[in-house]
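Novice: Below you'll find data-v9.cif; it's mmCIF, C-alpha atoms.
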```cif
data_final
loop_
_atom_site.label_atom_id
_atom_site.label_comp_id
_atom_site.auth_asym_id
_atom_site.auth_seq_id
_atom_site.Cartn_x
_atom_site.Cartn_y
_atom_site.Cartn_z
CA MET A 76 -16.12 -2.72 -14.69
CA LYS A 77 -15.43 0.98 -14.09
CA ILE A 78 -13.03 2.20 -11.43
CA LYS A 79 -12.12 5.68 -10.31
CA TYR A 80 -8.59 6.65 -11.30
CA ASP A 81 -6.90 9.60 -9.57
CA PHE A 82 -4.30 11.34 -11.69
CA VAL A 83 -1.17 12.99 -10.29
CA THR A 84 -2.75 16.33 -11.21
CA TYR A 85 -5.54 15.61 -8.65
CA GLU A 86 -8.08 15.03 -11.40
CA SER A 87 -10.25 11.91 -11.41
CA ALA A 88 -11.84 9.85 -14.17
CA LEU A 89 -13.81 6.62 -14.47
CA VAL A 90 -11.80 4.06 -16.41
CA ASP A 91 -13.03 0.78 -17.94
CA VAL A 92 -11.04 -2.25 -16.79
CA ASP A 93 -11.66 -5.98 -17.00
CA GLU A 94 -13.33 -7.72 -14.06
CA THR A 95 -10.16 -9.43 -12.74
CA LEU A 96 -8.09 -6.26 -12.71
CA GLY A 97 -10.95 -4.26 -11.18
CA ASN A 98 -11.41 -6.76 -8.37
CA THR A 99 -7.66 -6.82 -7.72
CA ILE A 100 -7.54 -3.03 -7.51
CA LEU A 101 -10.54 -2.97 -5.16
CA GLU A 102 -8.92 -5.61 -2.93
CA ILE A 103 -5.65 -3.63 -2.77
CA GLU A 104 -7.57 -0.45 -1.87
CA LYS A 105 -9.48 -2.32 0.85
CA GLU A 106 -6.26 -3.73 2.34
CA THR A 107 -4.66 -0.28 2.25
CA ARG A 108 -7.62 1.26 4.10
CA LEU A 109 -7.57 -1.51 6.73
CA HIS A 110 -3.82 -1.18 7.18
CA ASN A 111 -4.06 2.60 7.59
CA ARG A 112 -6.89 2.19 10.09
CA ARG A 113 -4.84 -0.28 12.15
CA GLU A 114 -1.80 1.99 12.04
CA LYS A 115 -3.86 4.97 13.18
CA ARG A 116 -5.24 2.96 16.09
CA LYS A 117 -1.73 1.97 17.19
CA HIS A 118 -0.55 5.57 17.42
CA THR A 119 -3.62 7.25 18.87
CA SER A 120 -2.78 6.52 22.52
CA PHE A 121 0.67 8.09 22.23
CA GLY A 122 -0.92 11.19 20.71
CA VAL A 123 -2.81 11.70 23.96
CA LEU A 124 0.45 11.56 25.91
CA GLU A 125 2.03 14.16 23.63
CA LYS A 126 -1.00 16.43 24.04
CA TYR A 127 -0.28 16.67 27.77
CA ASP A 128 3.50 16.70 27.30
CA LEU A 129 3.94 13.32 28.97
CA GLU A 130 6.38 10.54 28.18
CA PRO A 131 5.39 6.86 28.09
CA THR A 132 6.79 4.90 31.00
CA HIS A 133 8.18 1.40 30.82
CA ALA A 134 8.12 -1.24 33.49
CA PRO A 135 11.39 -2.98 34.37
CA ASP A 136 12.13 -6.02 32.20
CA TYR A 137 11.60 -8.53 35.02
CA VAL A 138 8.08 -7.14 35.62
CA VAL A 139 7.26 -7.34 31.91
CA GLN A 140 8.58 -10.91 31.73
CA ALA A 141 6.56 -11.97 34.78
CA GLU A 142 3.37 -10.44 33.37
CA LEU A 143 4.01 -12.01 29.98
CA ALA A 144 4.44 -15.44 31.57
CA ARG A 145 1.21 -14.92 33.54
CA VAL A 146 -0.72 -13.96 30.39
CA LYS A 147 0.68 -16.95 28.47
CA GLN A 148 -0.45 -19.28 31.28
CA ALA A 149 -3.92 -17.71 31.20
CA ILE A 150 -4.16 -18.04 27.42
CA ALA A 151 -3.22 -21.72 27.73
CA LEU A 152 -6.40 -22.24 29.79
CA LEU A 153 -8.68 -20.96 27.00
CA THR A 154 -10.36 -23.32 24.55
CA PRO A 155 -8.51 -23.95 21.29
CA ASP A 156 -11.10 -21.91 19.36
CA GLN A 157 -10.76 -18.98 21.77
CA LYS A 158 -6.97 -19.10 21.55
CA ASP A 159 -7.09 -19.21 17.76
CA LEU A 160 -9.48 -16.26 17.57
CA LEU A 161 -7.47 -14.08 19.96
CA TYR A 162 -4.21 -14.84 18.13
CA ARG A 163 -5.82 -13.99 14.79
CA VAL A 164 -7.18 -10.68 16.10
CA PHE A 165 -4.35 -9.45 18.33
CA PHE A 166 -1.20 -11.05 16.93
CA ASP A 167 -1.99 -11.57 13.25
CA GLY A 168 -3.98 -8.32 13.05
CA GLU A 169 -6.91 -9.85 11.18
CA ASP A 170 -10.09 -7.82 10.98
CA LEU A 171 -13.22 -9.32 12.56
CA VAL A 172 -15.10 -8.98 9.26
CA ASP A 173 -12.41 -11.00 7.46
CA ILE A 174 -12.44 -13.67 10.17
CA ALA A 175 -16.23 -13.91 9.98
CA THR A 176 -16.09 -14.27 6.20
CA ALA A 177 -13.35 -16.91 6.36
CA ASP A 178 -15.20 -18.87 9.05
CA GLY A 179 -18.57 -18.54 7.30
CA VAL A 180 -20.31 -16.87 10.25
CA SER A 181 -21.67 -13.40 10.94
CA TYR A 182 -19.59 -10.48 12.17
CA GLN A 183 -21.70 -10.40 15.35
CA ALA A 184 -20.92 -14.06 16.06
CA ILE A 185 -17.17 -13.36 15.87
CA GLN A 186 -17.58 -10.21 18.00
CA ASN A 187 -19.46 -12.24 20.63
CA ARG A 188 -16.82 -15.00 20.59
CA LYS A 189 -14.01 -12.46 20.99
CA ASN A 190 -15.79 -10.72 23.88
CA LYS A 191 -16.48 -14.05 25.60
CA ALA A 192 -12.82 -15.11 25.23
CA LEU A 193 -11.59 -11.78 26.62
CA LYS A 194 -14.05 -11.97 29.51
CA ARG A 195 -12.79 -15.46 30.36
CA LEU A 196 -9.17 -14.30 30.05
CA ARG A 197 -9.84 -11.38 32.44
CA LYS A 198 -11.51 -13.74 34.91
CA ILE A 199 -8.51 -16.09 34.81
CA LEU A 200 -6.07 -13.22 35.29
CA GLU A 201 -8.03 -11.81 38.24
CA ASN A 202 -7.53 -15.04 40.22
#
```
Mind converting the file's structure to structure tokens?
Specialist:
Amino acid sequence: MKIKYDFVTYESALVDVDETLGNTILEIEKETRLHNRREKRKHTSFGVLEKYDLEPTHAPDYVVQAELARVKQAIALLTPDQKDLLYRVFFDGEDLVDIATADGVSYQAIQNRKNKALKRLRKILEN
């Protein structure tokens, strides 16, 4: 297997490596790209605030605690599969493609399940 190797001098070359090492390197590069993408997404919203010279505001702790309790109660009303999917996406930070691969279903199926769970969660929270 050939992989692209970037030297410190900013030169690149194709290097022959065995299959196991090549796959490991590709997996590490994939994880790095996904991590960087997630990190970028986390910080984008604050960039908008800085653009307009605004500071993020924080609700008082008792308001945050009340909202958190309300969301936890709403999540408890979801099906076990919906709860599991939302935790994997939002708390564990798993990518939908990885979840689809692990569950043996298509990306679109996972996307639809996530959207359905969020729609149900919104409906519960509106009441």
Novice: Skipping near chain neighbours, those fewer than 6 positions away, what residues fall within 8 Å of region 87-99 of chain A using only C-alpha atoms, listed as a list in words?
Specialist: Met76, Lys77, Ile78, Lys79, Tyr80 and Asp81 of chain A
Novice: Residue by residue, what does the PyMOL selection byres ((chain A and resi 175) around 12) grab here? Present the result as an mmCIF file with C-alpha atoms, in the frame of the given file.
Specialist:
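Result file follows (expr22.cif):
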```cif
data_model
loop_
_atom_site.group_PDB
_atom_site.id
_atom_site.type_symbol
_atom_site.label_atom_id
_atom_site.label_comp_id
_atom_site.auth_asym_id
_atom_site.auth_seq_id
_atom_site.Cartn_x
_atom_site.Cartn_y
_atom_site.Cartn_z
ATOM 1 C CA LEU A 160 -9.480 -16.260 17.570
ATOM 2 C CA ARG A 163 -5.820 -13.990 14.790
ATOM 3 C CA VAL A 164 -7.180 -10.680 16.100
ATOM 4 C CA GLU A 169 -6.910 -9.850 11.180
ATOM 5 C CA ASP A 170 -10.090 -7.820 10.980
ATOM 6 C CA LEU A 171 -13.220 -9.320 12.560
ATOM 7 C CA VAL A 172 -15.100 -8.980 9.260
ATOM 8 C CA ASP A 173 -12.410 -11.000 7.460
ATOM 9 C CA ILE A 174 -12.440 -13.670 10.170
ATOM 10 C CA THR A 176 -16.090 -14.270 6.200
ATOM 11 C CA ALA A 177 -13.350 -16.910 6.360
ATOM 12 C CA ASP A 178 -15.200 -18.870 9.050
ATOM 13 C CA GLY A 179 -18.570 -18.540 7.300
ATOM 14 C CA VAL A 180 -20.310 -16.870 10.250
ATOM 15 C CA SER A 181 -21.670 -13.400 10.940
ATOM 16 C CA TYR A 182 -19.590 -10.480 12.170
ATOM 17 C CA GLN A 183 -21.700 -10.400 15.350
ATOM 18 C CA ALA A 184 -20.920 -14.060 16.060
ATOM 19 C CA ILE A 185 -17.170 -13.360 15.870
ATOM 20 C CA GLN A 186 -17.580 -10.210 18.000
ATOM 21 C CA ASN A 187 -19.460 -12.240 20.630
ATOM 22 C CA ARG A 188 -16.820 -15.000 20.590
ATOM 23 C CA LYS A 189 -14.010 -12.460 20.990
#
```
Novice: For Arg145 (chain A), find every residue with an atom within 12 Å (counting all atoms listed in the file), except residues of its own chain fewer than 3 positions away, and show them as a PDB file with C-alpha atoms, keeping the file's coordinate frame.
Specialist:
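Output below, filename around.pdb:
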```
ATOM      1  CA  VAL A 138       8.080  -7.140  35.620  1.00  0.00           C
ATOM      2  CA  VAL A 139       7.260  -7.340  31.910  1.00  0.00           C
ATOM      3  CA  GLN A 140       8.580 -10.910  31.730  1.00  0.00           C
ATOM      4  CA  ALA A 141       6.560 -11.970  34.780  1.00  0.00           C
ATOM      5  CA  GLU A 142       3.370 -10.440  33.370  1.00  0.00           C
ATOM      6  CA  GLN A 148      -0.450 -19.280  31.280  1.00  0.00           C
ATOM      7  CA  ALA A 149      -3.920 -17.710  31.200  1.00  0.00           C
ATOM      8  CA  ILE A 150      -4.160 -18.040  27.420  1.00  0.00           C
ATOM      9  CA  ALA A 151      -3.220 -21.720  27.730  1.00  0.00           C
ATOM     10  CA  LEU A 152      -6.400 -22.240  29.790  1.00  0.00           C
ATOM     11  CA  LEU A 196      -9.170 -14.300  30.050  1.00  0.00           C
ATOM     12  CA  ARG A 197      -9.840 -11.380  32.440  1.00  0.00           C
ATOM     13  CA  ILE A 199      -8.510 -16.090  34.810  1.00  0.00           C
ATOM     14  CA  LEU A 200      -6.070 -13.220  35.290  1.00  0.00           C
ATOM     15  CA  GLU A 201      -8.030 -11.810  38.240  1.00  0.00           C
ATOM     16  CA  ASN A 202      -7.530 -15.040  40.220  1.00  0.00           C
TER      17      ASN A 202
END
```
Novice: For each of A:Tyr137, A:Gly168, A:Arg195, A:Thr154, take the minimum atom-to-atom distance to Glu106 (chain A), counting all atoms listed in the file, then give the residue where this is smallest.
Specialist: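 That would be A:Gly168, the residue with the smallest distance to Glu106 (chain A).
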Novice: So the first atom is CA of Leu101 (chain A) and the second is CA of Phe166 (chain A); what is the distance between them in Å, to one decimal place?
Specialist: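 Rounded to one decimal, the two atoms are 25.3 Å apart.
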Novice: One number please: CA of Leu193 (chain A) to CA of Gln157 (chain A), in Å, one decimal.
Specialist: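 So the answer is 8.7 Å.
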Novice: Please, what distance in Å, to one decimal, runs between CA of Lys147 (chain A) and CA of Lys194 (chain A)?
Specialist: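 If I compute the distance from CA of Lys147 (chain A) to CA of Lys194 (chain A), I get 15.6 Å.
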Novice: Please determine an axis-aligned box that encloses all atoms of region 78-83 of chain A listed in the file, with 8 Å added on each side, and express its centre and edge lengths in Å to one decimal as JSON.
Specialist:
```
{"center_x": -7.1, "center_y": 7.6, "center_z": -10.6, "size_x": 27.9, "size_y": 26.8, "size_z": 18.1}
```
